[in-house]
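Student: First the structure, which I've put down as structure tokens, then a few questions once you've had a look.
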Amino acid sequence: MLKVRKRIFFTVLILCVLFVPGCVEQKQLEKLGLVTAVGYDLEKKNVIRGTVVVHQFDPMAQNITKMITTTANTSRGLRQGQNLQSNQKLVTGQMRCVIYSKELAKKGVIQLVDALNRDSTVGNMVYLTVADGSAKEIMDIDKTNSKISLGTYLYNLIKQNVESEQILSPTLQEFNHNYYDIGKDPVLPVLKVQNRDVIIKGLALFKDDQYIAELGPKEHFYLKILSDKFNAGTHELGFKRSDFERIRLKKGEHSIRDVYSKLFIDIDSINSHAKLKLIDKKTLKFKVEVKLDSRLLESTEPLDYSNPSSIKFIEKKLNQAMEKDINGLMKYFQKLDVDPVGIGNEYKAHLRGKNLSKKEWREIYKRASFDVQVKNRIVKTGVID
Amino acid sequence: MFKWRSDRKQAEEHKSHSLNVDELKKQLEEELASCSDISFRTIKKDGKKILTSFLSSLIDKSSLDEFILQSLQTNFTKNMTLEEVAQILPIAQLSASNQLKEIVESIIEGSVYIYVEGEPCGLLANVSKTAERSLEKAETEALVYGPKISFTESLPINVNILRSNVKDAKLCFEDIEVSTRVKARIKIVYIKDIADPNNVETFRQRISNLKVDYIPDTTVLGQLIENNSWSVFPQLMTTELPDRISIGLLSGKVAVLMDRSPAALYGPTPFFTFFESTEDIYMRWNMAFFLRMLRLTAIFLSVLLTPAYVSVLTYHYEVIPSPLLVSLGQSRANVPFPPVFEALLLEFIIEMLREAGARLPTKVGQTMGIVGGIVIGQAAVDAGFTSNILIIIIALSALGSFTTPSYLMGTAIRIIRFPIIIMAGFWGGIGIMVAFCFFMIHLLKLDSLGRPYLSPAYPLRLSDLGYSMFRYPLEYLSKRPATNQPKDNDRFPFKKAKEKKDVDE
């Protein structure tokens with residue numbers, strides 16, 4: 001009995017091994033066209049134009065990348081159209097970067113992001129970006145500058161800046177999280193073509209999935225401090241020269257330089273911690289407390305660092321300046337009705353079980369007020385690396 | 001189990017020979033008809049005939065002449081009894097017998113049968129001379145560090161080496177009878193108050209129950225007595241290093257020596273034993289620890305690297321890191337075969353190279369290496385036969401399998417790669433997992449001498465990890481490994497080992 005059953009078991013096993021593989025779709029690397037970057041533009045009403053950069057492994061071909069552009073109504077339709085123009089099957093498993101044109105982003109991108117979410121081969125770590133002009137313009141770089149492979153270049157461009165803490169991480173996962181989370185809005189980097197190269201121009205602020213405004217690099221620093229634990233990143237602050245008269249060194253070689261009319265100080269935050277706190281639920285007063293450990297990297301005037309009291313003085317000045325800037329930034333966000341910092345999250349945490357809809361939050365957000373406190377501690381003024 | 005021949009008639013077993021010298025001669029000639037080198041020498045002294053018979057190829061001629069013939073010629077007198085005859089022969093191994101069967105067997109083993117006419121029985125004198133080679137360095141288990149001596153084909157010499165290694169009165173050599181057509185001299189070796197009696201009993205019972213015609217070597221003996229003979233994995237280990245056996249004996253293992261076999265069999269030897277080298281013990285613990293980790297990693301890579309290549313390139317292109325993407329894709333683009341076929345082909349070539357190299361004399365072997373390395377490696381890539389990344393991977397996995405100290409286990413590792421590659425080609429990553437799980441379950445089910453095969457890892461015996469998977473500093477190895485279930489657990493008092501004695505104490 002047992003023997004017969006064993007024989008049947010092994011027969012079934014062997015049959016499985018032989019026939020089941022026929023059902024699996026083979027995706028041999030060299031037979032695929034690997035999409036490394038995708039760009040979406042708004043062609044006209046109802047129609048989007050999709051551009052892809054494809055890696056192809058053809059021993060005869062000189063260029064390993066190829067650009068394909070088509071128009072369709074949906075991103076799936078684009079894929080089909082693109083597949084008709086390619087000798088190898090287009091797959092998205094190696095996609096690194098998605099670019100939406102500003103025009104498209106203004107109308108909202110969630111349906112395109114959703115298409116990415118549904119595609120199981122697209123990883124969660126794909127970077128989403130916004131093009132300053134059209135996405136095609138950026139993708140065209142691949143043709144004009146044949147030395148770089150655009151997908152990898154964009155990936156490294158963003159990755160490098162995320163790792164050195166210059167910009168907030170714009171992955172698909174982060175976008176989804178911020179979009180679906182009530183009380184926070186996504187931010188994405190803005191790309192621009194400059195001297196036949198792609199650069200990061202700034203940060204795009206989103207209200208839900210719609211592009212609202214662009215943030216320059218200066219505000220960027222504060223946004224990072226407010227929304228993330230921040231480890232490295234330099235920031236430049238300008239002051240009136242007269243404010244620092246008290247601790248300025250006047251002797252010897254250190255004389256007043258006339259290059260600058262103001263005094264600039266560069267600090268490098270080595271450790272930051274931001275705390276958002278709802279102090280009063282009724283008046284909607286939020287306390288924003290930022291603790292910073294920083295190094296003083298550079299100042300355009302010779303200052304006296306040897307005296308602890310003068311360091312305290314610099315700290316105080318920096319605190320005041322930063323408080324003012326952060327306050328201004330919060331007001332700006334409030335005016336635009338975007339919440340990239342996640343104030344809504346903090347508010348929601350005090351609701352105790354009650355639901356908060358997006359609409360409700362937008363209403364409440366308008367009435368919120370902020371009390372900003374910055375505690376900056378200069379830990380080092382000496383040699384920098 | 002192995003009934004190759006039916007038992008002979010019992011009556012013939014106990015038949016005493018004729019008491020007449022000429023008839024005895026005839027009887028012996030009849031029994032040993034196929035041995036053309038049977039020789040007789042009849043001495044006549046004081047009117048009595050003394051017959052000596054022997055196989056001339058097996059005995060030491062000078063001792064026959066000097067100790068037997070000369071003694072008989074000078075000292076024999078007419079009225080001597082058998083005991084008195086035995087007294088005049090300066091031979092250590094002497095026994096009396098008149099059983100024809102026994103006499104024939106002894107003559108085959110190199111004894112001389114001395115029969116004085118009229119006596120009820122004769123004397124068997126052992127003056128055998130066997131072909132032996134001198135003690136040499138270990139060949140298959142070459143060492144950099146530690147004792148170099150290796151076992152030879154001669155059982156007495158092997159016993160001698162072991163006895164001098166382990167000078168312990170409790171070291172026990174137990175003779176085992178095996179009912180084979182060709183008599184095998186087998187000894188079970190263990191230390192009486194350390195080794196688990198169950199292990200000894202298992203060996204004893206399994207060996208004595210054997211019914212085979214011939215056991216050429218301990219490796220064959222191991223195959224005959226291990227539990228699962230369908231498995232690729234060897235369950236008992238053979239080694240040619242006496243120090244390995246000595247260390248094993250003192251940790252509670254049991255060894256088996258066999259005459260005419262240059263390797264000793266020992267057990268219980270779980271999976272990880274095959275990755276231990278004696279050098280690990282001779283070296284400082286940190287180096288040995290590193291080397292053991294290196295070996296285990298190498299095995300893992302060796303088994304899984306090629307299948308991973310196959311499955312990634314056939315099914316899971318998503319996981320390729322982008323810096324590798326271009327080089328992998330470019331080299332694959334030239335290859336006309338699917339990755340499975342490519343990998344199998346190259347693995348096959350490597351195995352062929354190894355097999356060809358192993359069978360060839362050293363001088364030609366070098367040429368083989370060049371042919372394999374340069375011609376096949378370089379030309380195959382140039383011709384678009386394989387991708388150069390695969391060549392690296394294959395070379396790495398071949399190298400990995402050679403790090404195993406046991407040649408047998410290394411071969412097993414190389415063989416299990418093939419089904420995993422095929423499964424990877426069929427089902428991708430799932431196939432690798434299925435095949436790997438199959439082997440894991442198989443390993444879990446195996447046992448070595450009734451002890452779990454994956455022993456210190458499963459069942460987890462933390463104290464044993466220092467002996468097998470890792471290597472702890474010696475002072476922490478105060479307990480004998482529990483895998484062997486030793487009678488006596490303690491090697492030395494742990495507390496005292498930690499004290500470092502200075503001169504003034």
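Numbering starts fresh at 1 for the residues of each chain in the structure tokens, the chains themselves are lettered A, B, ... in the order given, and ligands are numbered from 1 as they appear.
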Find the nearest atom pair between each residue of chain B and chain A for residues within 9 Å, count only C-alpha atoms, give distances in Å to one decimal, sort rows by chain and ascending number, and present the table as JSON lines.
Tutor:
{"residue": "B:Val312", "atom": "CA", "partner": "A:Leu29", "partner_atom": "CA", "distance": 8.4}
{"residue": "B:Leu313", "atom": "CA", "partner": "A:Leu29", "partner_atom": "CA", "distance": 5.4}
{"residue": "B:Thr314", "atom": "CA", "partner": "A:Gln28", "partner_atom": "CA", "distance": 4.4}
{"residue": "B:Tyr315", "atom": "CA", "partner": "A:Lys27", "partner_atom": "CA", "distance": 5.0}
{"residue": "B:His316", "atom": "CA", "partner": "A:Lys27", "partner_atom": "CA", "distance": 7.4}
{"residue": "B:Tyr317", "atom": "CA", "partner": "A:Leu29", "partner_atom": "CA", "distance": 6.1}
{"residue": "B:Glu318", "atom": "CA", "partner": "A:Gly93", "partner_atom": "CA", "distance": 4.6}
{"residue": "B:Val319", "atom": "CA", "partner": "A:Gln94", "partner_atom": "CA", "distance": 8.0}
{"residue": "B:Ile320", "atom": "CA", "partner": "A:Gln94", "partner_atom": "CA", "distance": 8.1}
{"residue": "B:Pro321", "atom": "CA", "partner": "A:Gln94", "partner_atom": "CA", "distance": 8.7}
{"residue": "B:Ser322", "atom": "CA", "partner": "A:Thr152", "partner_atom": "CA", "distance": 7.2}
{"residue": "B:Pro323", "atom": "CA", "partner": "A:Thr152", "partner_atom": "CA", "distance": 8.3}
{"residue": "B:Val326", "atom": "CA", "partner": "A:Phe57", "partner_atom": "CA", "distance": 7.9}
{"residue": "B:Leu328", "atom": "CA", "partner": "A:Leu29", "partner_atom": "CA", "distance": 8.6}
{"residue": "B:Gly329", "atom": "CA", "partner": "A:Phe57", "partner_atom": "CA", "distance": 5.7}
{"residue": "B:Gln330", "atom": "CA", "partner": "A:Phe57", "partner_atom": "CA", "distance": 5.5}
{"residue": "B:Ser331", "atom": "CA", "partner": "A:Pro59", "partner_atom": "CA", "distance": 8.6}
{"residue": "B:Arg332", "atom": "CA", "partner": "A:Glu30", "partner_atom": "CA", "distance": 6.1}
{"residue": "B:Ala333", "atom": "CA", "partner": "A:Glu30", "partner_atom": "CA", "distance": 5.2}
{"residue": "B:Asn334", "atom": "CA", "partner": "A:Pro59", "partner_atom": "CA", "distance": 6.3}
{"residue": "B:Val335", "atom": "CA", "partner": "A:Glu30", "partner_atom": "CA", "distance": 9.0}
{"residue": "B:Pro338", "atom": "CA", "partner": "A:Gln28", "partner_atom": "CA", "distance": 7.6}
{"residue": "B:Pro339", "atom": "CA", "partner": "A:Gln28", "partner_atom": "CA", "distance": 7.9}
{"residue": "B:Met423", "atom": "CA", "partner": "A:Val17", "partner_atom": "CA", "distance": 7.8}
{"residue": "B:Gly425", "atom": "CA", "partner": "A:Pro21", "partner_atom": "CA", "distance": 8.6}
{"residue": "B:Phe426", "atom": "CA", "partner": "A:Pro21", "partner_atom": "CA", "distance": 5.1}
{"residue": "B:Trp427", "atom": "CA", "partner": "A:Pro21", "partner_atom": "CA", "distance": 5.9}
{"residue": "B:Gly428", "atom": "CA", "partner": "A:Val24", "partner_atom": "CA", "distance": 8.9}
Student: Just list the residues in segment 222-283 of chain B DSSP gives helix (DSSP H, G or I) on the backbone, as a PyMOL selection string.
Tutor: chain B and resi 222-225+242-250+271-275+278-282
Student: Produce a file of the selected residues containing C-alpha atoms, as a compact mmCIF listing (two decimals), in the first residue's frame.
Tutor:
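File written: part-v4.txt
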# COMPACT_ATOMS: atom_id res chain seq x y z
CA GLY B 222 31.24 2.80 5.82
CA GLN B 223 28.84 2.57 2.90
CA LEU B 224 27.76 -0.89 3.98
CA ILE B 225 26.92 0.03 7.54
CA PRO B 242 45.83 9.18 13.07
CA ASP B 243 45.71 12.41 15.08
CA ARG B 244 42.21 13.07 13.83
CA ILE B 245 41.19 9.67 15.15
CA SER B 246 43.00 10.26 18.46
CA ILE B 247 41.20 13.57 18.94
CA GLY B 248 37.95 11.86 18.01
CA LEU B 249 38.52 9.00 20.43
CA LEU B 250 39.14 11.39 23.28
CA PHE B 271 27.38 17.03 8.96
CA PHE B 272 29.65 19.70 10.37
CA THR B 273 32.42 17.23 11.17
CA PHE B 274 33.14 17.07 7.46
CA PHE B 275 34.01 20.76 7.51
CA THR B 278 42.58 19.03 12.38
CA GLU B 279 44.43 22.22 11.59
CA ASP B 280 41.57 24.10 13.23
CA ILE B 281 42.61 22.61 16.52
CA TYR B 282 46.31 23.17 16.07
Student: Using only C-alpha atoms, determine which residues lie at most 6 Å from segment 51-68 of chain B, disregarding the query and same-chain residues fewer than 2 positions distant; provide the list as an MDAnalysis selection string.
Tutor: chainID B and resid 37:42 70:71 90 107 110 112:115 127:129
Student: Could those residues be written to a file, using C-alpha atoms, as a short mmCIF file (atom, residue, chain, number, x, y, z; two decimals), in the first residue's frame?
Tutor:
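Printed below is again_15.cif as written:
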data_model
loop_
_atom_site.label_atom_id
_atom_site.label_comp_id
_atom_site.auth_asym_id
_atom_site.auth_seq_id
_atom_site.Cartn_x
_atom_site.Cartn_y
_atom_site.Cartn_z
CA ASP B 37 52.74 -21.42 -4.86
CA ILE B 38 51.96 -24.06 -2.22
CA SER B 39 55.24 -25.53 -1.13
CA PHE B 40 56.16 -28.54 1.01
CA ARG B 41 59.37 -29.37 2.68
CA THR B 42 59.79 -32.72 4.33
CA GLN B 70 67.24 -25.05 11.22
CA SER B 71 65.78 -25.52 14.68
CA PRO B 90 61.85 -19.60 18.45
CA ILE B 107 48.31 -21.01 5.43
CA GLY B 110 50.95 -16.70 5.78
CA VAL B 112 53.64 -22.41 8.15
CA TYR B 113 52.06 -25.71 9.10
CA ILE B 114 54.49 -28.07 10.83
CA TYR B 115 53.36 -31.62 11.21
CA VAL B 127 56.15 -16.19 9.81
CA SER B 128 54.08 -14.15 7.39
CA LYS B 129 55.53 -11.26 5.52
#
Student: With distances taken over only C-alpha atoms, which residue among B:Ile149, B:Leu474, B:Asp259, B:Thr483 lies nearest Ala497 of chain B?
Tutor: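 Distance minimum relative to Ala497 of chain B lands on B:Leu474.
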Student: Could you name the residues that touch segment 306-308 of chain B at 9 Å or less, counting only C-alpha atoms, but leaving out those on the same chain fewer than 2 positions away, as a compact mmCIF listing (two decimals) with C-alpha atoms, in the first residue's frame?
Tutor:
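So the final result, stored in part.txt, reads:
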# COMPACT_ATOMS: atom_id res chain seq x y z
CA LEU B 301 28.02 30.16 -2.05
CA SER B 302 29.07 27.05 -3.86
CA VAL B 303 25.61 25.56 -3.60
CA LEU B 304 23.52 28.66 -4.20
CA VAL B 310 20.18 31.25 -13.31
CA SER B 311 17.01 32.25 -11.54
CA VAL B 312 17.78 35.96 -11.51
CA LEU B 313 18.59 36.05 -15.20
CA VAL B 340 20.01 27.23 -17.30
CA ALA B 343 25.14 27.26 -16.42
CA GLU B 347 29.37 23.38 -14.59
CA LEU B 390 29.03 33.17 -15.20
CA ILE B 393 30.52 32.53 -10.59
CA ILE B 394 31.27 28.97 -11.68
CA SER B 397 31.52 27.89 -6.63
CA ARG B 417 24.32 21.84 -7.22
CA PHE B 418 23.03 20.29 -10.41
CA ILE B 420 19.27 23.00 -7.71
CA ILE B 421 20.39 24.63 -10.97
CA ILE B 422 17.79 22.68 -12.90
CA MET B 423 15.09 23.65 -10.42
CA ALA B 424 16.23 27.28 -10.62
CA GLY B 425 15.88 27.11 -14.39
CA GLY B 428 13.24 30.45 -10.57
CA GLY B 429 13.68 31.52 -6.97
CA ILE B 432 15.83 27.14 -5.49
Student: Just checking: using only C-alpha atoms, which residue out of B:Ser154, B:Thr297, B:Asn199, B:Ser111 ends up closest to Ala131 of chain B?
Tutor: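 Comparing B:Ser154, B:Thr297, B:Asn199, B:Ser111 against Ala131 of chain B, the winner is B:Ser154.
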